[in-house]
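Enquirer: Could you have a look at this structure, given as structure tokens, before my questions?
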Amino acid sequence: MRSGAQLVTAADVRGSDPGDGRISTPSAARVPAWSSDAAGRPSAALPPLAPDQGRPEPDWSEVVEHFREGLVVCDADGVVRHLSPVAERLLPEVVPGRPLAAAGIGELAADGDSAGFSHRGRRLRVRRVPLSGARSCRYVEDVTDSVSGADALLAERARSAFLAVVGEKLGNPLHPDRAAAAVVRLAVPTLAEVAVLVLAPRSGRARWWRATRADDDAPAVDSGMLSATALPSAIAEGLSGAEPHAVDWLVEQAVEAGWLPGLGSHEITARVVPLPGRDTPAGVLLVARRSTRWYDSHDVDLVRAFAARAGAALTTAMLYRDQAEVADTLQASLLPVEPVTVSGVQWGTAYRPAQASLRIGGDFYGSHRLPDGGSVFFLGDVSGKGVEAAVFTGQLRQCLQALHRVESHPARLLKLLNDALLETTQAHGQGRFATMVLGVVRPQRDGGLTLTMAGGGHLPPLVLRNSGEVETVPLSGMLIGVVPDPRIGEATVRLAPGETCLLYSDGVTEARGGRRGDEQFGPERLVHAVTDCHRVPAPALAERVEQVTCDWLAQGDHDDIAVLALRATGHGGRPPRHLHAVPTPGRPAEETEIRS
């Protein structure tokens, strides 16, 4: 009977009105699988769930207490009817039974859907949800931790972006003054309203730079100089490597130094941070701003990170300056020296090193005055290029500087130079050599010049006669600095007034250019270039040779180029007493050689 009663009950349920006005009829297809037995007959329905026995239903306010958000429920008149425990902790001013507006929290009583506001040192967010019967509910959430985390993340990103910009900007200046100006300019306004950089003193004086925030946020930068003894004690302490953050009179010292114009010591907070250098600090950075924003730990860490980058940039710039000063001094000593003034001689020179940035190379020229009124002149080329060749050139010039005082005959002087170079190259294991034309020029009574030249494997000189003809001097010889007793060629040339002798290095004749860019300039083109230039002054002639060579190169790579021209001006003096004219066989009397 119990089973039958259950079947009736199931049939009654299946035939009941679902509530939408339709009457459902029994159907075998609609019978659930669990309601039939194996023979297809309906089985007993599942028993209903029995309610919990002896347990009271939970109070919903007990559940609300565990919500992350606080609930404030108000009636249609805006009177608080319910306040959850979370809301009580966050909003102690809100009292049940009183109007919500009486709490004095405008963001809470506003009609907007959501809003954020600060309350009692916490950051809160409120959402308003309308309920039935014109009631409303406010969900109040404490977002202090999430907002603080987001703010900290944004601040850290801003600091990282600032330091990235600092690293980029300070990577360019290689001059200490420009680097120092860039440091103080970058510090304002991110780190300070006034930033002062004091470099380590040099020769008892310290240079400082200051950047001050202007109305348009573009800092104004100025600089000055102070005696090392006049530096504020906090700055001097910072230059020793300490960080005087606890110095109470730091701001007063900055004001007394005149670095904080228009501001009193009671208005400003400041910090001093040393800038790391190689062995000692490269300088000290003073940052100052109004006391409404004190330097907290994050600010100090940012200032220190900035100072580390600024110190690296300044150290690099000062190291570059020191090296540049040394390089300039050495380069000045290695550059070709203009020939000395000799009566009746007009000099012309041109010099272009292969590496223009170094300004030095392996070609050289010069002259030394002799006691008898003449002059030793020379032009040569050492093996190699760049700094090593220039150093070898300097050694060679120093040897000539000393040897010409004990020997003035060109061939014998060149042999002495060969012995000295052999000794030098063998001692240093360099294996370098040189080519050279070395000669002695002496003025004659008629205004002409006599050139006695010795050749050491160099290109033969050219002579520009008054007739316009260009002659090649038959001067040969062996390289200098290779063998102990080289064969030295000799030749004597007489220049009438207005005639010129031209010496040049292989950087002229071996310059590659032309249509295909690989054709040598050659001696023939050089002769053609100087033909009909016999009336051209010596400086202009040397410049012309350099110019036609560079035109042939067409901005291409080239070897060192050196040109030396000697022109007889026609204003010579009397020949020296210890010289006598020796007729030269096969030459007219006016072309006699002058020998000692």
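Within each chain, counting starts at residue 1; across the structure tokens, chains are named A, B, ... in the order shown, with ligands numbered 1 upward in that order.
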Apply DSSP to the backbone of this structure and, from segment 426-545 of chain A, keep only the residues in strand (DSSP E); write these as a count of residues only.
Expert: 40
Enquirer: Hey, what's within 12 Å of Ala102 of chain A if we count only C-alpha atoms and toss same-chain stuff fewer than 6 positions away? As a PyMOL selection string, please?
Expert: chain A and resi 78-80+93-96+108-109
Enquirer: Find the residue from A:Gly167, A:Pro353, A:Gly362, A:Gly468 that sits nearest to Ala308 of chain A; use only C-alpha atoms when measuring.
Expert: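 Checking each of A:Gly167, A:Pro353, A:Gly362, A:Gly468 against Ala308 of chain A, counting only C-alpha atoms, the winner is A:Gly167.
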Enquirer: Leaving out Leu475 of chain A and any residue of its chain fewer than 4 positions from it, which residues lie within 7 Å of it when counting only C-alpha atoms, given as a VMD selection string?
Expert: chain A and resid 455 460 489 to 491
Enquirer: Excluding Val548 of chain A and its own-chain neighbours fewer than 5 positions away, which residues fall within 12 Å of it when counting only C-alpha atoms? Please give them as a count of residues only.
Expert: 19
Enquirer: Hey, what does DSSP flag as helix (DSSP H, G or I) within segment 290-401 of chain A? Can you give it to me as a ChimeraX atom specification?
Expert: /A:297-334,386-401
Enquirer: Name all residues at most 10 Å from Glu69 of chain A (count only C-alpha atoms; drop same-chain ones fewer than 4 positions away) and give them as JSON, numbers by chain.
Expert: {"A": [64, 65, 84, 85, 86, 87, 90, 125, 126, 127, 138, 139, 140, 141, 142, 143]}
Enquirer: Find the spatial neighbours of Glu407 of chain A, counting only C-alpha atoms, within a cut-off of 12 Å - ignore same-chain residues fewer than 3 positions away - and output them as an mmCIF file with all heavy atoms, in the first residue's frame.
Expert:
```cif
data_model
loop_
_atom_site.group_PDB
_atom_site.id
_atom_site.type_symbol
_atom_site.label_atom_id
_atom_site.label_comp_id
_atom_site.auth_asym_id
_atom_site.auth_seq_id
_atom_site.Cartn_x
_atom_site.Cartn_y
_atom_site.Cartn_z
ATOM 1 N N LEU A 370 122.011 76.500 -38.780
ATOM 2 C CA LEU A 370 123.429 76.232 -38.613
ATOM 3 C C LEU A 370 124.171 77.512 -38.224
ATOM 4 O O LEU A 370 123.714 78.623 -38.549
ATOM 5 C CB LEU A 370 124.020 75.680 -39.911
ATOM 6 C CG LEU A 370 123.498 74.308 -40.348
ATOM 7 C CD1 LEU A 370 124.077 73.933 -41.703
ATOM 8 C CD2 LEU A 370 123.845 73.250 -39.312
ATOM 9 N N PRO A 371 125.290 77.396 -37.554
ATOM 10 C CA PRO A 371 126.016 78.604 -37.128
ATOM 11 C C PRO A 371 126.487 79.469 -38.287
ATOM 12 O O PRO A 371 126.661 80.686 -38.120
ATOM 13 C CB PRO A 371 127.215 78.043 -36.344
ATOM 14 C CG PRO A 371 126.791 76.673 -35.923
ATOM 15 C CD PRO A 371 125.899 76.170 -37.015
ATOM 16 N N VAL A 376 119.876 73.120 -41.892
ATOM 17 C CA VAL A 376 119.629 71.719 -42.210
ATOM 18 C C VAL A 376 118.128 71.532 -42.351
ATOM 19 O O VAL A 376 117.369 71.902 -41.450
ATOM 20 C CB VAL A 376 120.188 70.793 -41.113
ATOM 21 C CG1 VAL A 376 119.795 69.346 -41.394
ATOM 22 C CG2 VAL A 376 121.692 70.929 -41.015
ATOM 23 N N CYS A 399 116.911 62.637 -32.437
ATOM 24 C CA CYS A 399 118.271 62.297 -32.869
ATOM 25 C C CYS A 399 118.848 63.380 -33.775
ATOM 26 O O CYS A 399 120.009 63.793 -33.619
ATOM 27 C CB CYS A 399 118.266 60.956 -33.590
ATOM 28 S SG CYS A 399 117.934 59.526 -32.513
ATOM 29 N N LEU A 400 118.026 63.856 -34.727
ATOM 30 C CA LEU A 400 118.497 64.920 -35.608
ATOM 31 C C LEU A 400 118.795 66.196 -34.830
ATOM 32 O O LEU A 400 119.746 66.925 -35.146
ATOM 33 C CB LEU A 400 117.453 65.204 -36.683
ATOM 34 C CG LEU A 400 117.479 64.310 -37.924
ATOM 35 C CD1 LEU A 400 116.312 64.653 -38.837
ATOM 36 C CD2 LEU A 400 118.803 64.487 -38.664
ATOM 37 N N GLN A 401 117.995 66.464 -33.828
ATOM 38 C CA GLN A 401 118.178 67.665 -33.027
ATOM 39 C C GLN A 401 119.568 67.668 -32.385
ATOM 40 O O GLN A 401 120.223 68.722 -32.291
ATOM 41 C CB GLN A 401 117.093 67.740 -31.944
ATOM 42 C CG GLN A 401 117.197 68.922 -30.999
ATOM 43 C CD GLN A 401 116.707 70.209 -31.625
ATOM 44 O OE1 GLN A 401 115.863 70.181 -32.523
ATOM 45 N NE2 GLN A 401 117.220 71.332 -31.153
ATOM 46 N N ALA A 402 120.009 66.498 -31.960
ATOM 47 C CA ALA A 402 121.320 66.418 -31.310
ATOM 48 C C ALA A 402 122.456 66.259 -32.316
ATOM 49 O O ALA A 402 123.523 66.883 -32.169
ATOM 50 C CB ALA A 402 121.322 65.243 -30.328
ATOM 51 N N LEU A 403 122.252 65.458 -33.359
ATOM 52 C CA LEU A 403 123.353 65.134 -34.266
ATOM 53 C C LEU A 403 123.747 66.292 -35.171
ATOM 54 O O LEU A 403 124.920 66.389 -35.584
ATOM 55 C CB LEU A 403 122.977 63.914 -35.111
ATOM 56 C CG LEU A 403 122.853 62.589 -34.357
ATOM 57 C CD1 LEU A 403 122.366 61.490 -35.295
ATOM 58 C CD2 LEU A 403 124.181 62.204 -33.721
ATOM 59 N N HIS A 404 122.820 67.178 -35.509
ATOM 60 C CA HIS A 404 123.192 68.253 -36.436
ATOM 61 C C HIS A 404 124.171 69.232 -35.800
ATOM 62 O O HIS A 404 124.794 70.031 -36.501
ATOM 63 C CB HIS A 404 121.936 68.995 -36.911
ATOM 64 C CG HIS A 404 121.520 70.131 -36.034
ATOM 65 N ND1 HIS A 404 120.761 69.970 -34.883
ATOM 66 C CD2 HIS A 404 121.774 71.464 -36.136
ATOM 67 C CE1 HIS A 404 120.549 71.135 -34.339
ATOM 68 N NE2 HIS A 404 121.145 72.073 -35.076
ATOM 69 N N PRO A 410 125.392 66.560 -45.108
ATOM 70 C CA PRO A 410 124.168 65.755 -45.197
ATOM 71 C C PRO A 410 124.398 64.253 -45.206
ATOM 72 O O PRO A 410 123.728 63.519 -44.478
ATOM 73 C CB PRO A 410 123.529 66.243 -46.502
ATOM 74 C CG PRO A 410 124.051 67.622 -46.692
ATOM 75 C CD PRO A 410 125.446 67.596 -46.153
ATOM 76 N N ALA A 411 125.345 63.749 -46.028
ATOM 77 C CA ALA A 411 125.548 62.300 -46.123
ATOM 78 C C ALA A 411 126.067 61.737 -44.816
ATOM 79 O O ALA A 411 125.593 60.695 -44.333
ATOM 80 C CB ALA A 411 126.507 61.976 -47.268
ATOM 81 N N ARG A 412 127.070 62.408 -44.218
ATOM 82 C CA ARG A 412 127.613 61.908 -42.959
ATOM 83 C C ARG A 412 126.589 62.025 -41.832
ATOM 84 O O ARG A 412 126.495 61.151 -40.969
ATOM 85 C CB ARG A 412 128.892 62.665 -42.614
ATOM 86 C CG ARG A 412 130.050 62.369 -43.561
ATOM 87 C CD ARG A 412 131.371 62.861 -42.987
ATOM 88 N NE ARG A 412 131.410 64.313 -42.895
ATOM 89 C CZ ARG A 412 131.875 65.113 -43.856
ATOM 90 N NH1 ARG A 412 132.332 64.590 -44.988
ATOM 91 N NH2 ARG A 412 131.911 66.420 -43.707
ATOM 92 N N LEU A 413 125.797 63.089 -41.852
ATOM 93 C CA LEU A 413 124.747 63.243 -40.852
ATOM 94 C C LEU A 413 123.702 62.138 -40.985
ATOM 95 O O LEU A 413 123.200 61.592 -39.985
ATOM 96 C CB LEU A 413 124.100 64.626 -40.991
ATOM 97 C CG LEU A 413 122.929 64.934 -40.045
ATOM 98 C CD1 LEU A 413 123.349 64.786 -38.592
ATOM 99 C CD2 LEU A 413 122.417 66.357 -40.302
ATOM 100 N N LEU A 414 123.351 61.779 -42.186
ATOM 101 C CA LEU A 414 122.359 60.729 -42.400
ATOM 102 C C LEU A 414 122.892 59.374 -41.933
ATOM 103 O O LEU A 414 122.123 58.546 -41.410
ATOM 104 C CB LEU A 414 121.981 60.682 -43.879
ATOM 105 C CG LEU A 414 120.595 60.095 -44.225
ATOM 106 C CD1 LEU A 414 119.489 60.784 -43.442
ATOM 107 C CD2 LEU A 414 120.333 60.213 -45.718
ATOM 108 N N LYS A 415 124.185 59.122 -42.105
ATOM 109 C CA LYS A 415 124.758 57.872 -41.621
ATOM 110 C C LYS A 415 124.774 57.817 -40.096
ATOM 111 O O LYS A 415 124.529 56.766 -39.495
ATOM 112 C CB LYS A 415 126.172 57.706 -42.175
ATOM 113 C CG LYS A 415 126.204 57.368 -43.664
ATOM 114 C CD LYS A 415 127.610 57.087 -44.143
ATOM 115 C CE LYS A 415 127.589 56.701 -45.634
ATOM 116 N NZ LYS A 415 128.952 56.393 -46.134
ATOM 117 N N LEU A 416 125.114 58.945 -39.466
ATOM 118 C CA LEU A 416 125.029 58.982 -38.003
ATOM 119 C C LEU A 416 123.613 58.721 -37.515
ATOM 120 O O LEU A 416 123.385 58.010 -36.528
ATOM 121 C CB LEU A 416 125.524 60.340 -37.490
ATOM 122 C CG LEU A 416 127.017 60.624 -37.582
ATOM 123 C CD1 LEU A 416 127.315 62.046 -37.123
ATOM 124 C CD2 LEU A 416 127.796 59.624 -36.745
ATOM 125 N N LEU A 417 122.641 59.295 -38.223
ATOM 126 C CA LEU A 417 121.238 59.062 -37.870
ATOM 127 C C LEU A 417 120.871 57.598 -38.048
ATOM 128 O O LEU A 417 120.141 57.021 -37.225
ATOM 129 C CB LEU A 417 120.338 59.949 -38.730
ATOM 130 C CG LEU A 417 118.823 59.821 -38.485
ATOM 131 C CD1 LEU A 417 118.473 60.238 -37.073
ATOM 132 C CD2 LEU A 417 118.052 60.654 -39.503
ATOM 133 N N VAL A 440 121.247 70.550 -46.778
ATOM 134 C CA VAL A 440 121.716 71.804 -46.192
ATOM 135 C C VAL A 440 121.501 72.894 -47.229
ATOM 136 O O VAL A 440 121.921 72.742 -48.388
ATOM 137 C CB VAL A 440 123.191 71.716 -45.794
ATOM 138 C CG1 VAL A 440 123.700 73.078 -45.336
ATOM 139 C CG2 VAL A 440 123.394 70.676 -44.690
#
```
Enquirer: Show me, as a list in words, the residues that have an atom within 12 Å of Cys533 of chain A when counting only C-alpha atoms, minus same-chain residues fewer than 5 positions from it.
Expert: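 Close residues of Cys533 of chain A: Val463, Leu464, Arg465, Asn466, Ser467, Gly468, Glu469, Val470, Gly498, Glu499, Thr500, Cys501, Leu502, Leu526, Val527, His528, Ala538, Pro539, Ala540, Leu541, Ala542, Glu543, Arg544, Val545 and Arg567 of chain A.
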Enquirer: With only C-alpha atoms as the atoms that count, which of A:Met453, A:Val255, A:Val473, A:Leu495 lies nearest to His409 of chain A?
Expert: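 Among the listed residues, A:Met453 lies closest to His409 of chain A.
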Enquirer: Rounded to one decimal in Å, what is the spacing between atom CA of Ile480 of chain A and atom CA of His558 of chain A?
Expert: 23.2 Å
Enquirer: Name the closest residue to Ser240 of chain A among the candidates A:Gly283, A:Gly112, A:Arg369, A:Ala327; distances are taken between atoms, counting only C-alpha atoms.
Expert: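 Of A:Gly283, A:Gly112, A:Arg369, A:Ala327, the one nearest Ser240 of chain A is A:Gly283, counting only C-alpha atoms.
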Enquirer: Pick out the closest residue to Gly171 of chain A from this set: A:Gly380, A:Gly241, A:Gly366, A:Gly311. Count only C-alpha atoms.
Expert: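 Comparing A:Gly380, A:Gly241, A:Gly366, A:Gly311 against Gly171 of chain A, the winner is A:Gly311.
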